[in-house]
Amino acid sequence: MFASLLMNDFLLSILLGIVEGLTEFLPVSSTGHLRIVEALCKLDLGDSFWKMYTIVIQLGAILALPVYFWKRILEFLSTFPKGERGDRNLLTHPLSLTMVAFVVTALPSWVLTKVIGKNLESLWVISIALLVGGIVMWIVDATFTRPRVTHMEEMSLPQAIWIGACQILSAVFPGTSRSMSTIAAGQIAGMSRPAALEFSFFLSMPTMVVATCYDLFKTLRPSRNTIDEGNIAPLAVDSHQWIVLAIGFVVSFIVALGVVAWFMRWVRTKGFVPFAIYRIALAIVLIILLMRGSI
C-alpha cells in the first residue's frame with residue numbers, strides 16, 4: 001500500500017513536469033493547463049507542498065532558456081552596450097530592452113497582486129482567456145505578415161515598452177499565456193515571428209525568475225496576511241518529497257529544453273495558427289465541461 005502511494009506521487013510528478021515543460025513556453029498557458037489537469041484528475045494541489053512543487057517545476061522550465069540560449073547570451077554580453085553593428089546604446093541594446101520590458105511588466109503586476117490571486121483558481125477566467133487569446137493570436141498572425149524588424153538587434157525602445165505592457169495581461173488573467181501576449185505584441189509592433197519569439201524567450205528569463213523567487217520567498221518567509229489569504233506557508237520536506245520535487249524539476253527541464261529548440265525551428269517556416277486553433281478548441285471543451293458541472 002505504501003509503495004503504491006509512493007509510486008502514485010512519482011507518476012504524478014512526472015505528469016505535472018511534462019505538462020509544465022510542454023506548455024510553459026508554447027503560447028497555450030502553463031498555468032491554465034496545470035489547473036485543468038488538477039480539475040480533470042481530481043487532484044489536490046492546494047496544500048503547501050504541491051504549491052511548492054509548482055514553483056520547483058517552473059524553475060526547471062526556466063533553466064532550459066539560459067541552457068539553450070547560452071551562446072546568444074554571451075554574444076549580447078560581449079557586445080554590450082554598442083551592439084554587434086555599433087548602433088546601439090545603453091537603452092537600446094537587446095539586453096537593456098529586455099530589462100525595460102521586464103520593468104514595465106513587473107511594477108503593474110506587483111500592484112495588481114490581489115487581482116491576480118483572485119483569478120488564479122478560476123477555470124472560467126482561464127477558459128475565456130484561452131478563447132480570446134486564441135482568436136487574437138489567429139487574427140494577428142494572419143494580419144501582420146510584413147515585419148519591419150527581423151532580429152532582436154533591430155528592436156526599438158517603444159517596441160520593448162509595448163511588449164512589456166502587453167505581458168501584464170498574462171499576469172492578471174491566467175490562461176492568457178505569457179508567450180502568446182508577448183509574441184502577438186511583437187508581431188503587432190512590426191517584428192517577425194522568429195524575432196518576436198526570441199524576445200519573448202529572453203523576456204521570460206527575468207520575468208519568471210523574479211516571479212518564482214517571489215513565490216519562493218513567500219514560501220519560506222510568509223507573513224500573517226499571506227497565511228490568512230491561503231497562500232503558501234512554511235513546510236517541512238521529507239526524503240520522499242525531495243525525490244518528488246527532483247523528478248518534477250528534471251522532467252520539466254528536459255521537456256522544456258526540447259520544446260524551446262523545436263519551437264524556434266517551427267516559427268522560421270510556419271506560423272502560430274495551429275496553437276490558436278488548439279487554444280480555441282480547448283476553451284470550448286472546457287466551457288462545455290464547466291457548464292455541465294463535470295469539473
# chains A, B, ... in the order shown; residues from 1 in each chain; ligands from 1
>>> closest_atom_pairs(of="segment 153-218 of chain A", to="segment 42-62 of chain A", cutoff="9 Å", atoms="only C-alpha atoms", output="Markdown table")
| residue | atom | partner | partner_atom | distance |
| --- | --- | --- | --- | --- |
| A:Ser204 | CA | A:Ile62 | CA | 7.9 |
| A:Met205 | CA | A:Ile62 | CA | 6.6 |
| A:Met208 | CA | A:Ile62 | CA | 6.9 |
| A:Val209 | CA | A:Ile62 | CA | 7.2 |
| A:Thr212 | CA | A:Ile55 | CA | 6.0 |
| A:Cys213 | CA | A:Ile55 | CA | 8.5 |
| A:Asp215 | CA | A:Ile55 | CA | 7.2 |
| A:Leu216 | CA | A:Ile55 | CA | 7.1 |
>>> residues_around(residues="Met155 of chain A", least_positions_apart="5", cutoff="12 Å", atoms="only C-alpha atoms", output="PyMOL selection string")
chain A and resi 83+87-88+91-98+101+147-150+160-163+186-187+189-192+195-196+198-199
>>> write_last_selection(atoms="N, CA and C atoms", output="mmCIF file, in the first residue's frame")
data_model
loop_
_atom_site.group_PDB
_atom_site.id
_atom_site.type_symbol
_atom_site.label_atom_id
_atom_site.label_comp_id
_atom_site.auth_asym_id
_atom_site.auth_seq_id
_atom_site.Cartn_x
_atom_site.Cartn_y
_atom_site.Cartn_z
ATOM 1 N N GLY A 83 26.342 47.009 -29.242
ATOM 2 C CA GLY A 83 25.728 46.062 -30.154
ATOM 3 C C GLY A 83 26.683 45.569 -31.214
ATOM 4 N N ASP A 87 25.518 50.331 -33.414
ATOM 5 C CA ASP A 87 24.474 51.347 -33.500
ATOM 6 C C ASP A 87 23.522 51.330 -32.299
ATOM 7 N N ARG A 88 23.909 50.616 -31.250
ATOM 8 C CA ARG A 88 23.080 50.540 -30.046
ATOM 9 C C ARG A 88 23.685 51.389 -28.939
ATOM 10 N N LEU A 91 20.422 52.185 -23.642
ATOM 11 C CA LEU A 91 18.978 51.958 -23.568
ATOM 12 C C LEU A 91 18.442 51.071 -24.686
ATOM 13 N N THR A 92 19.160 50.962 -25.790
ATOM 14 C CA THR A 92 18.610 50.252 -26.953
ATOM 15 C C THR A 92 19.292 48.920 -27.246
ATOM 16 N N HIS A 93 20.281 48.541 -26.445
ATOM 17 C CA HIS A 93 20.881 47.217 -26.615
ATOM 18 C C HIS A 93 19.828 46.158 -26.283
ATOM 19 N N PRO A 94 19.837 44.997 -26.945
ATOM 20 C CA PRO A 94 18.836 43.956 -26.686
ATOM 21 C C PRO A 94 18.690 43.576 -25.215
ATOM 22 N N LEU A 95 19.801 43.510 -24.480
ATOM 23 C CA LEU A 95 19.708 43.178 -23.055
ATOM 24 C C LEU A 95 19.005 44.294 -22.284
ATOM 25 N N SER A 96 19.282 45.543 -22.652
ATOM 26 C CA SER A 96 18.630 46.676 -21.997
ATOM 27 C C SER A 96 17.134 46.681 -22.298
ATOM 28 N N LEU A 97 16.782 46.401 -23.554
ATOM 29 C CA LEU A 97 15.377 46.382 -23.939
ATOM 30 C C LEU A 97 14.632 45.268 -23.207
ATOM 31 N N THR A 98 15.311 44.164 -22.985
ATOM 32 C CA THR A 98 14.706 43.070 -22.219
ATOM 33 C C THR A 98 14.379 43.518 -20.812
ATOM 34 N N ALA A 101 11.429 46.061 -20.767
ATOM 35 C CA ALA A 101 10.140 45.368 -20.897
ATOM 36 C C ALA A 101 9.775 44.665 -19.603
ATOM 37 N N PRO A 147 6.817 42.140 -41.581
ATOM 38 C CA PRO A 147 7.577 42.709 -40.465
ATOM 39 C C PRO A 147 8.660 43.675 -40.925
ATOM 40 N N ARG A 148 8.889 44.681 -40.082
ATOM 41 C CA ARG A 148 9.980 45.636 -40.326
ATOM 42 C C ARG A 148 11.243 45.236 -39.568
ATOM 43 N N VAL A 149 11.054 44.467 -38.490
ATOM 44 C CA VAL A 149 12.170 44.049 -37.635
ATOM 45 C C VAL A 149 12.297 42.538 -37.705
ATOM 46 N N THR A 150 13.457 42.060 -38.158
ATOM 47 C CA THR A 150 13.650 40.621 -38.319
ATOM 48 C C THR A 150 14.631 40.036 -37.303
ATOM 49 N N ALA A 160 9.844 47.581 -27.096
ATOM 50 C CA ALA A 160 10.065 46.857 -25.845
ATOM 51 C C ALA A 160 9.042 47.261 -24.785
ATOM 52 N N ILE A 161 8.762 48.555 -24.692
ATOM 53 C CA ILE A 161 7.779 49.040 -23.715
ATOM 54 C C ILE A 161 6.399 48.463 -24.028
ATOM 55 N N TRP A 162 6.028 48.451 -25.298
ATOM 56 C CA TRP A 162 4.734 47.920 -25.729
ATOM 57 C C TRP A 162 4.601 46.438 -25.374
ATOM 58 N N ILE A 163 5.643 45.660 -25.657
ATOM 59 C CA ILE A 163 5.594 44.223 -25.370
ATOM 60 C C ILE A 163 5.519 43.981 -23.867
ATOM 61 N N GLY A 186 4.670 41.573 -30.169
ATOM 62 C CA GLY A 186 5.823 41.788 -31.035
ATOM 63 C C GLY A 186 5.440 41.851 -32.504
ATOM 64 N N GLN A 187 4.547 40.955 -32.926
ATOM 65 C CA GLN A 187 4.101 40.971 -34.323
ATOM 66 C C GLN A 187 3.344 42.254 -34.650
ATOM 67 N N ALA A 189 3.804 45.054 -33.307
ATOM 68 C CA ALA A 189 4.797 46.139 -33.327
ATOM 69 C C ALA A 189 5.725 46.076 -34.534
ATOM 70 N N GLY A 190 5.507 45.103 -35.427
ATOM 71 C CA GLY A 190 6.294 45.039 -36.657
ATOM 72 C C GLY A 190 7.448 44.066 -36.626
ATOM 73 N N MET A 191 7.465 43.147 -35.670
ATOM 74 C CA MET A 191 8.554 42.170 -35.579
ATOM 75 C C MET A 191 8.176 40.874 -36.306
ATOM 76 N N SER A 192 9.177 40.205 -36.838
ATOM 77 C CA SER A 192 8.941 38.915 -37.478
ATOM 78 C C SER A 192 8.631 37.869 -36.413
ATOM 79 N N ALA A 195 11.837 36.812 -34.491
ATOM 80 C CA ALA A 195 12.323 37.894 -33.628
ATOM 81 C C ALA A 195 11.412 38.075 -32.421
ATOM 82 N N ALA A 196 10.097 38.038 -32.661
ATOM 83 C CA ALA A 196 9.141 38.174 -31.562
ATOM 84 C C ALA A 196 9.276 37.015 -30.586
ATOM 85 N N GLU A 198 11.994 35.078 -30.068
ATOM 86 C CA GLU A 198 13.254 35.146 -29.343
ATOM 87 C C GLU A 198 13.186 36.184 -28.223
ATOM 88 N N PHE A 199 12.604 37.343 -28.511
ATOM 89 C CA PHE A 199 12.484 38.356 -27.469
ATOM 90 C C PHE A 199 11.558 37.870 -26.358
#
>>> atom_distance(atom1="atom CA of Pro27 of chain A", atom2="atom CA of Leu112 of chain A")
22.5 Å
>>> select_by_dssp(residues="segment 93-217 of chain A", states="helix (DSSP H, G or I)", output="mmCIF file with C-alpha atoms, in the first residue's frame")
data_model
loop_
_atom_site.group_PDB
_atom_site.id
_atom_site.type_symbol
_atom_site.label_atom_id
_atom_site.label_comp_id
_atom_site.auth_asym_id
_atom_site.auth_seq_id
_atom_site.Cartn_x
_atom_site.Cartn_y
_atom_site.Cartn_z
ATOM 1 C CA PRO A 94 18.836 43.956 -26.686
ATOM 2 C CA LEU A 95 19.708 43.178 -23.055
ATOM 3 C CA SER A 96 18.630 46.676 -21.997
ATOM 4 C CA LEU A 97 15.377 46.382 -23.939
ATOM 5 C CA THR A 98 14.706 43.070 -22.219
ATOM 6 C CA MET A 99 15.083 44.666 -18.803
ATOM 7 C CA VAL A 100 12.972 47.673 -19.826
ATOM 8 C CA ALA A 101 10.140 45.368 -20.897
ATOM 9 C CA PHE A 102 10.532 43.425 -17.646
ATOM 10 C CA VAL A 103 10.232 46.578 -15.507
ATOM 11 C CA VAL A 104 7.172 47.701 -17.476
ATOM 12 C CA THR A 105 5.596 44.318 -16.689
ATOM 13 C CA ALA A 106 6.780 43.882 -13.115
ATOM 14 C CA LEU A 107 5.627 47.090 -11.460
ATOM 15 C CA PRO A 108 1.943 46.998 -12.520
ATOM 16 C CA SER A 109 1.797 43.237 -11.958
ATOM 17 C CA TRP A 110 3.045 43.688 -8.392
ATOM 18 C CA VAL A 111 0.431 46.376 -7.759
ATOM 19 C CA THR A 113 -1.234 41.129 -6.940
ATOM 20 C CA LYS A 114 -4.639 40.930 -5.251
ATOM 21 C CA VAL A 115 -6.422 40.773 -8.603
ATOM 22 C CA ILE A 116 -4.025 38.080 -9.799
ATOM 23 C CA GLY A 117 -4.678 35.995 -6.705
ATOM 24 C CA LYS A 118 -8.443 36.143 -7.161
ATOM 25 C CA ASN A 119 -8.241 34.950 -10.766
ATOM 26 C CA LEU A 123 -11.437 27.866 -14.603
ATOM 27 C CA TRP A 124 -13.964 30.256 -16.124
ATOM 28 C CA VAL A 125 -11.340 33.002 -16.318
ATOM 29 C CA ILE A 126 -8.848 30.527 -17.784
ATOM 30 C CA SER A 127 -11.318 29.272 -20.419
ATOM 31 C CA ILE A 128 -12.279 32.778 -21.552
ATOM 32 C CA ALA A 129 -8.621 33.851 -21.645
ATOM 33 C CA LEU A 130 -7.748 30.784 -23.736
ATOM 34 C CA LEU A 131 -10.579 31.536 -26.154
ATOM 35 C CA VAL A 132 -9.946 35.272 -26.531
ATOM 36 C CA GLY A 133 -6.179 34.745 -26.708
ATOM 37 C CA GLY A 134 -6.587 32.131 -29.435
ATOM 38 C CA ILE A 135 -8.758 34.432 -31.530
ATOM 39 C CA VAL A 136 -6.356 37.347 -31.077
ATOM 40 C CA MET A 137 -3.354 35.187 -31.961
ATOM 41 C CA TRP A 138 -5.057 33.909 -35.115
ATOM 42 C CA ILE A 139 -6.000 37.415 -36.289
ATOM 43 C CA VAL A 140 -2.563 38.868 -35.516
ATOM 44 C CA ASP A 141 -0.672 36.033 -37.222
ATOM 45 C CA ALA A 142 -2.822 36.355 -40.354
ATOM 46 C CA THR A 143 -2.768 40.154 -40.465
ATOM 47 C CA MET A 152 16.273 41.392 -31.810
ATOM 48 C CA GLU A 153 19.209 43.680 -32.574
ATOM 49 C CA GLU A 154 16.890 45.882 -34.635
ATOM 50 C CA LEU A 157 12.683 51.163 -27.096
ATOM 51 C CA PRO A 158 8.961 51.812 -27.805
ATOM 52 C CA GLN A 159 8.584 48.231 -29.067
ATOM 53 C CA ALA A 160 10.065 46.857 -25.845
ATOM 54 C CA ILE A 161 7.779 49.040 -23.715
ATOM 55 C CA TRP A 162 4.734 47.920 -25.729
ATOM 56 C CA ILE A 163 5.594 44.223 -25.370
ATOM 57 C CA GLY A 164 6.222 44.613 -21.640
ATOM 58 C CA ALA A 165 2.852 46.321 -21.215
ATOM 59 C CA CYS A 166 1.047 43.548 -23.093
ATOM 60 C CA GLN A 167 2.710 40.920 -20.903
ATOM 61 C CA ILE A 168 0.795 42.326 -17.899
ATOM 62 C CA LEU A 169 -2.333 40.650 -19.299
ATOM 63 C CA SER A 170 -0.803 37.205 -18.788
ATOM 64 C CA ALA A 171 -0.090 38.010 -15.128
ATOM 65 C CA VAL A 172 -3.581 39.298 -14.379
ATOM 66 C CA ARG A 178 2.967 34.994 -21.326
ATOM 67 C CA SER A 179 4.266 33.692 -24.664
ATOM 68 C CA MET A 180 1.043 34.479 -26.503
ATOM 69 C CA SER A 181 0.840 38.048 -25.213
ATOM 70 C CA THR A 182 4.482 38.887 -25.942
ATOM 71 C CA ILE A 183 4.623 37.165 -29.340
ATOM 72 C CA ALA A 184 1.394 38.772 -30.551
ATOM 73 C CA ALA A 185 2.526 42.151 -29.196
ATOM 74 C CA GLY A 186 5.823 41.788 -31.035
ATOM 75 C CA GLN A 187 4.101 40.971 -34.323
ATOM 76 C CA ILE A 188 1.740 43.938 -33.942
ATOM 77 C CA ARG A 193 7.785 35.676 -35.866
ATOM 78 C CA PRO A 194 11.325 34.479 -35.016
ATOM 79 C CA ALA A 195 12.323 37.894 -33.628
ATOM 80 C CA ALA A 196 9.141 38.174 -31.562
ATOM 81 C CA LEU A 197 9.591 34.635 -30.235
ATOM 82 C CA GLU A 198 13.254 35.146 -29.343
ATOM 83 C CA PHE A 199 12.484 38.356 -27.469
ATOM 84 C CA SER A 200 9.608 36.566 -25.735
ATOM 85 C CA PHE A 201 12.048 33.906 -24.526
ATOM 86 C CA PHE A 202 14.583 36.468 -23.327
ATOM 87 C CA LEU A 203 11.883 38.440 -21.536
ATOM 88 C CA SER A 204 10.689 35.212 -19.891
ATOM 89 C CA MET A 205 14.029 34.783 -18.111
ATOM 90 C CA PRO A 206 13.922 37.799 -15.744
ATOM 91 C CA THR A 207 10.123 37.706 -15.528
ATOM 92 C CA MET A 208 9.912 34.063 -14.495
ATOM 93 C CA VAL A 209 12.957 34.153 -12.237
ATOM 94 C CA VAL A 210 11.618 37.105 -10.242
ATOM 95 C CA ALA A 211 8.076 35.704 -10.135
ATOM 96 C CA THR A 212 9.156 32.275 -8.925
ATOM 97 C CA CYS A 213 11.668 33.714 -6.443
ATOM 98 C CA TYR A 214 8.897 35.929 -5.058
ATOM 99 C CA ASP A 215 6.684 32.865 -4.614
ATOM 100 C CA LEU A 216 9.599 31.030 -3.020
ATOM 101 C CA PHE A 217 10.165 33.930 -0.629
#
>>> atom_distance(atom1="atom CA of Val67 of chain A", atom2="atom CA of Phe249 of chain A")
14.7 Å
